[in-house]
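Text of model.txt (compact mmCIF, N, CA, C and O atoms) as supplied:
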# COMPACT_ATOMS: atom_id res chain seq x y z
N MET A 1 -3.29 31.68 -38.50
CA MET A 1 -3.06 30.58 -37.58
C MET A 1 -4.42 30.03 -37.13
O MET A 1 -5.31 30.76 -36.76
N VAL A 2 -4.53 28.72 -37.14
CA VAL A 2 -5.79 28.06 -36.79
C VAL A 2 -5.81 27.79 -35.30
O VAL A 2 -4.86 27.24 -34.74
N GLN A 3 -6.88 28.18 -34.66
CA GLN A 3 -7.05 27.93 -33.23
C GLN A 3 -7.58 26.52 -33.02
O GLN A 3 -8.49 26.09 -33.74
N PRO A 4 -7.02 25.78 -32.05
CA PRO A 4 -7.55 24.43 -31.78
C PRO A 4 -8.97 24.52 -31.23
O PRO A 4 -9.33 25.46 -30.53
N GLU A 5 -9.74 23.54 -31.58
CA GLU A 5 -11.13 23.50 -31.13
C GLU A 5 -11.16 23.13 -29.65
O GLU A 5 -10.48 22.21 -29.20
N ARG A 6 -11.93 23.88 -28.89
CA ARG A 6 -12.04 23.58 -27.46
C ARG A 6 -13.00 22.40 -27.28
O ARG A 6 -14.06 22.36 -27.87
N VAL A 7 -12.59 21.48 -26.41
CA VAL A 7 -13.40 20.29 -26.17
C VAL A 7 -13.76 20.27 -24.69
O VAL A 7 -12.91 20.43 -23.82
N CYS A 8 -15.02 20.06 -24.41
CA CYS A 8 -15.50 19.97 -23.04
C CYS A 8 -14.94 18.70 -22.39
O CYS A 8 -15.00 17.62 -22.98
N MET A 9 -14.37 18.82 -21.19
CA MET A 9 -13.78 17.66 -20.51
C MET A 9 -14.82 16.57 -20.26
O MET A 9 -14.53 15.39 -20.36
N GLU A 10 -16.04 16.99 -19.93
CA GLU A 10 -17.08 16.02 -19.63
C GLU A 10 -17.44 15.19 -20.86
O GLU A 10 -17.58 13.97 -20.78
N HIS A 11 -17.56 15.83 -21.99
CA HIS A 11 -17.98 15.13 -23.20
C HIS A 11 -16.82 14.41 -23.89
O HIS A 11 -17.05 13.54 -24.73
N SER A 12 -15.59 14.77 -23.56
CA SER A 12 -14.45 14.09 -24.16
C SER A 12 -14.07 12.84 -23.38
O SER A 12 -13.18 12.10 -23.79
N GLY A 13 -14.71 12.62 -22.23
CA GLY A 13 -14.42 11.44 -21.42
C GLY A 13 -13.37 11.67 -20.36
O GLY A 13 -13.02 10.77 -19.60
N GLN A 14 -12.83 12.88 -20.29
CA GLN A 14 -11.77 13.16 -19.33
C GLN A 14 -12.28 13.10 -17.89
O GLN A 14 -11.59 12.61 -17.01
N CYS A 15 -13.47 13.59 -17.64
CA CYS A 15 -14.01 13.58 -16.28
C CYS A 15 -14.20 12.15 -15.79
O CYS A 15 -13.86 11.83 -14.64
N LYS A 16 -14.68 11.28 -16.67
CA LYS A 16 -14.88 9.88 -16.28
C LYS A 16 -13.53 9.22 -16.04
O LYS A 16 -13.37 8.44 -15.08
N ALA A 17 -12.55 9.52 -16.87
CA ALA A 17 -11.21 8.93 -16.69
C ALA A 17 -10.59 9.39 -15.38
O ALA A 17 -9.98 8.59 -14.65
N ILE A 18 -10.74 10.65 -15.06
CA ILE A 18 -10.20 11.18 -13.81
C ILE A 18 -10.89 10.53 -12.61
O ILE A 18 -10.24 10.15 -11.63
N ALA A 19 -12.20 10.38 -12.69
CA ALA A 19 -12.94 9.73 -11.59
C ALA A 19 -12.49 8.28 -11.41
O ALA A 19 -12.35 7.81 -10.28
N THR A 20 -12.25 7.59 -12.54
CA THR A 20 -11.78 6.21 -12.47
C THR A 20 -10.41 6.13 -11.82
O THR A 20 -10.16 5.27 -10.97
N LEU A 21 -9.51 7.04 -12.18
CA LEU A 21 -8.18 7.05 -11.58
C LEU A 21 -8.25 7.35 -10.08
O LEU A 21 -7.52 6.73 -9.29
N GLU A 22 -9.11 8.26 -9.68
CA GLU A 22 -9.26 8.56 -8.26
C GLU A 22 -9.78 7.36 -7.49
O GLU A 22 -9.33 7.06 -6.39
N LYS A 23 -10.74 6.63 -8.08
CA LYS A 23 -11.28 5.42 -7.45
C LYS A 23 -10.19 4.36 -7.32
O LYS A 23 -10.05 3.71 -6.28
N ASN A 24 -9.39 4.20 -8.38
CA ASN A 24 -8.29 3.23 -8.35
C ASN A 24 -7.27 3.60 -7.27
O ASN A 24 -6.74 2.72 -6.59
N ASP A 25 -6.99 4.88 -7.12
CA ASP A 25 -6.07 5.33 -6.08
C ASP A 25 -6.58 4.94 -4.70
O ASP A 25 -5.81 4.50 -3.84
N GLU A 26 -7.87 5.10 -4.46
CA GLU A 26 -8.45 4.74 -3.17
C GLU A 26 -8.31 3.23 -2.92
O GLU A 26 -7.95 2.81 -1.83
N ASP A 27 -8.60 2.43 -3.95
CA ASP A 27 -8.49 0.97 -3.82
C ASP A 27 -7.04 0.55 -3.55
O ASP A 27 -6.78 -0.29 -2.70
N ILE A 28 -6.12 1.14 -4.28
CA ILE A 28 -4.71 0.80 -4.12
C ILE A 28 -4.22 1.20 -2.73
O ILE A 28 -3.49 0.45 -2.08
N PHE A 29 -4.62 2.38 -2.26
CA PHE A 29 -4.20 2.83 -0.93
C PHE A 29 -4.68 1.86 0.14
O PHE A 29 -3.94 1.52 1.07
N THR A 30 -5.93 1.40 0.02
CA THR A 30 -6.48 0.45 0.99
C THR A 30 -5.66 -0.84 0.99
O THR A 30 -5.33 -1.39 2.04
N ARG A 31 -5.33 -1.34 -0.20
CA ARG A 31 -4.56 -2.57 -0.29
C ARG A 31 -3.15 -2.39 0.25
O ARG A 31 -2.61 -3.27 0.94
N LEU A 32 -2.53 -1.26 -0.06
CA LEU A 32 -1.18 -1.00 0.44
C LEU A 32 -1.17 -0.89 1.96
O LEU A 32 -0.23 -1.36 2.63
N ARG A 33 -2.19 -0.28 2.51
CA ARG A 33 -2.28 -0.15 3.98
C ARG A 33 -2.41 -1.54 4.62
O ARG A 33 -1.76 -1.82 5.64
N ALA A 34 -3.23 -2.40 4.04
CA ALA A 34 -3.38 -3.77 4.56
C ALA A 34 -2.06 -4.53 4.45
O ALA A 34 -1.68 -5.27 5.38
N LEU A 35 -1.34 -4.35 3.36
CA LEU A 35 -0.05 -5.00 3.18
C LEU A 35 0.97 -4.49 4.20
O LEU A 35 1.72 -5.28 4.79
N GLU A 36 0.96 -3.19 4.45
CA GLU A 36 1.86 -2.61 5.44
C GLU A 36 1.60 -3.19 6.83
O GLU A 36 2.54 -3.55 7.56
N ILE A 37 0.35 -3.32 7.19
CA ILE A 37 -0.01 -3.88 8.50
C ILE A 37 0.46 -5.33 8.59
O ILE A 37 1.00 -5.76 9.62
N ALA A 38 0.27 -6.09 7.51
CA ALA A 38 0.70 -7.50 7.50
C ALA A 38 2.21 -7.60 7.66
O ALA A 38 2.71 -8.47 8.39
N VAL A 39 2.95 -6.72 7.01
CA VAL A 39 4.41 -6.75 7.12
C VAL A 39 4.85 -6.42 8.54
O VAL A 39 5.74 -7.07 9.10
N TRP A 40 4.23 -5.42 9.16
CA TRP A 40 4.57 -5.08 10.54
C TRP A 40 4.27 -6.23 11.49
O TRP A 40 5.05 -6.51 12.41
N LYS A 41 3.14 -6.90 11.29
CA LYS A 41 2.80 -8.05 12.14
C LYS A 41 3.80 -9.18 11.97
O LYS A 41 4.22 -9.81 12.95
N ALA A 42 4.19 -9.44 10.71
CA ALA A 42 5.17 -10.50 10.45
C ALA A 42 6.51 -10.15 11.08
O ALA A 42 7.19 -11.02 11.65
N ALA A 43 6.90 -8.90 10.99
CA ALA A 43 8.17 -8.47 11.59
C ALA A 43 8.12 -8.62 13.11
O ALA A 43 9.10 -9.07 13.72
N GLY A 44 7.00 -8.28 13.71
CA GLY A 44 6.85 -8.44 15.15
C GLY A 44 6.90 -9.89 15.57
O GLY A 44 7.57 -10.25 16.54
N ALA A 45 6.21 -10.73 14.82
CA ALA A 45 6.22 -12.16 15.13
C ALA A 45 7.61 -12.74 14.98
O ALA A 45 8.05 -13.56 15.80
N THR A 46 8.32 -12.32 13.95
CA THR A 46 9.69 -12.80 13.74
C THR A 46 10.58 -12.39 14.89
O THR A 46 11.41 -13.18 15.37
N GLY A 47 10.41 -11.17 15.38
CA GLY A 47 11.20 -10.71 16.52
C GLY A 47 10.93 -11.51 17.77
O GLY A 47 11.85 -11.86 18.52
N VAL A 48 9.67 -11.81 18.00
CA VAL A 48 9.30 -12.60 19.19
C VAL A 48 9.87 -14.00 19.09
O VAL A 48 10.45 -14.53 20.05
N ILE A 49 9.73 -14.61 17.92
CA ILE A 49 10.26 -15.98 17.74
C ILE A 49 11.77 -16.00 17.91
O ILE A 49 12.32 -16.89 18.55
N THR A 50 12.45 -15.01 17.33
CA THR A 50 13.91 -14.93 17.47
C THR A 50 14.31 -14.77 18.93
O THR A 50 15.25 -15.43 19.41
N GLY A 51 13.58 -13.96 19.66
CA GLY A 51 13.86 -13.79 21.09
C GLY A 51 13.70 -15.07 21.86
O GLY A 51 14.53 -15.42 22.72
N ILE A 52 12.65 -15.81 21.58
CA ILE A 52 12.41 -17.09 22.28
C ILE A 52 13.52 -18.08 21.95
O ILE A 52 14.02 -18.77 22.85
N VAL A 53 13.91 -18.15 20.69
CA VAL A 53 14.97 -19.08 20.29
C VAL A 53 16.29 -18.72 20.98
O VAL A 53 17.01 -19.61 21.47
N VAL A 54 16.61 -17.45 21.07
CA VAL A 54 17.84 -17.02 21.74
C VAL A 54 17.81 -17.41 23.21
O VAL A 54 18.80 -17.92 23.74
N VAL A 55 16.69 -17.20 23.87
CA VAL A 55 16.57 -17.57 25.28
C VAL A 55 16.73 -19.07 25.46
O VAL A 55 17.43 -19.54 26.37
N VAL A 56 16.10 -19.85 24.62
CA VAL A 56 16.21 -21.32 24.71
C VAL A 56 17.65 -21.75 24.49
O VAL A 56 18.16 -22.61 25.23
N ILE A 57 18.31 -21.18 23.50
CA ILE A 57 19.72 -21.56 23.25
C ILE A 57 20.59 -21.17 24.44
O ILE A 57 21.47 -21.95 24.85
N GLN A 58 20.35 -20.03 25.03
CA GLN A 58 21.14 -19.63 26.20
C GLN A 58 20.91 -20.58 27.37
O GLN A 58 21.85 -20.93 28.08
N LYS A 59 19.67 -20.99 27.56
CA LYS A 59 19.36 -21.92 28.65
C LYS A 59 20.07 -23.25 28.42
O LYS A 59 20.56 -23.86 29.37
N VAL A 60 20.10 -23.71 27.16
CA VAL A 60 20.72 -25.00 26.85
C VAL A 60 22.24 -24.90 26.98
O VAL A 60 22.87 -25.80 27.56
N LEU A 61 22.83 -23.83 26.50
CA LEU A 61 24.29 -23.71 26.51
C LEU A 61 24.84 -23.43 27.90
O LEU A 61 25.91 -23.90 28.26
N PHE A 62 24.14 -22.65 28.69
CA PHE A 62 24.65 -22.24 30.00
C PHE A 62 23.99 -22.99 31.16
O PHE A 62 23.92 -22.50 32.26
N LYS A 63 23.55 -24.19 30.91
CA LYS A 63 22.89 -25.01 31.91
C LYS A 63 23.86 -25.60 32.87
O LYS A 63 24.94 -25.96 32.69

Since I need it in another form, could you write the structure as structure tokens?
Amino acid sequence: MVQPERVCMEHSGQCKAIATLEKNDEDIFTRLRALEIAVWKAAGATGVITGIVVVVIQKVLFK
């Protein structure tokens, strides 16, 4: 039975590929966090606007 040749991770490019994936993960996490914050702000603004509209409609209808 032939034993497979052992290849050093550094010289096979695996270490560089792993480092690249880790860097991409950091970039993606940063972008996702910014997107999450934007969504929460939009949801808050929508809630405030909806509340104001409801109050205005109540004032107009029950005047």

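The gap separating atom N of Ala43 of chain A from atom CA of Val60 of chain A is 26.5 Å, in Å to one decimal.
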
## Note on the structure
Between atom O of Val39 of chain A and atom N of Val56 of chain A lies a distance of 22.6 Å

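For the pair atom O of Glu22 of chain A and atom N of Ala38 of chain A, the separation is 21.4 Å.
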
### Message
Write out as a VMD selection string the set of residues from chain A that DSSP, computed on the backbone, places in alpha helix (DSSP H).
### Response
chain A and resid 9 to 12 14 to 61

Could you work out an axis-aligned bounding box for all listed atoms of segment 43-55 of chain A, with 6 Å added on each of the six sides, and give its centre and edge lengths in Å to one decimal, as lines of an AutoDock Vina configuration file?
center_x = 12.5
center_y = -13.9
center_z = 18.7
size_x = 24.6
size_y = 23.3
size_z = 27.4
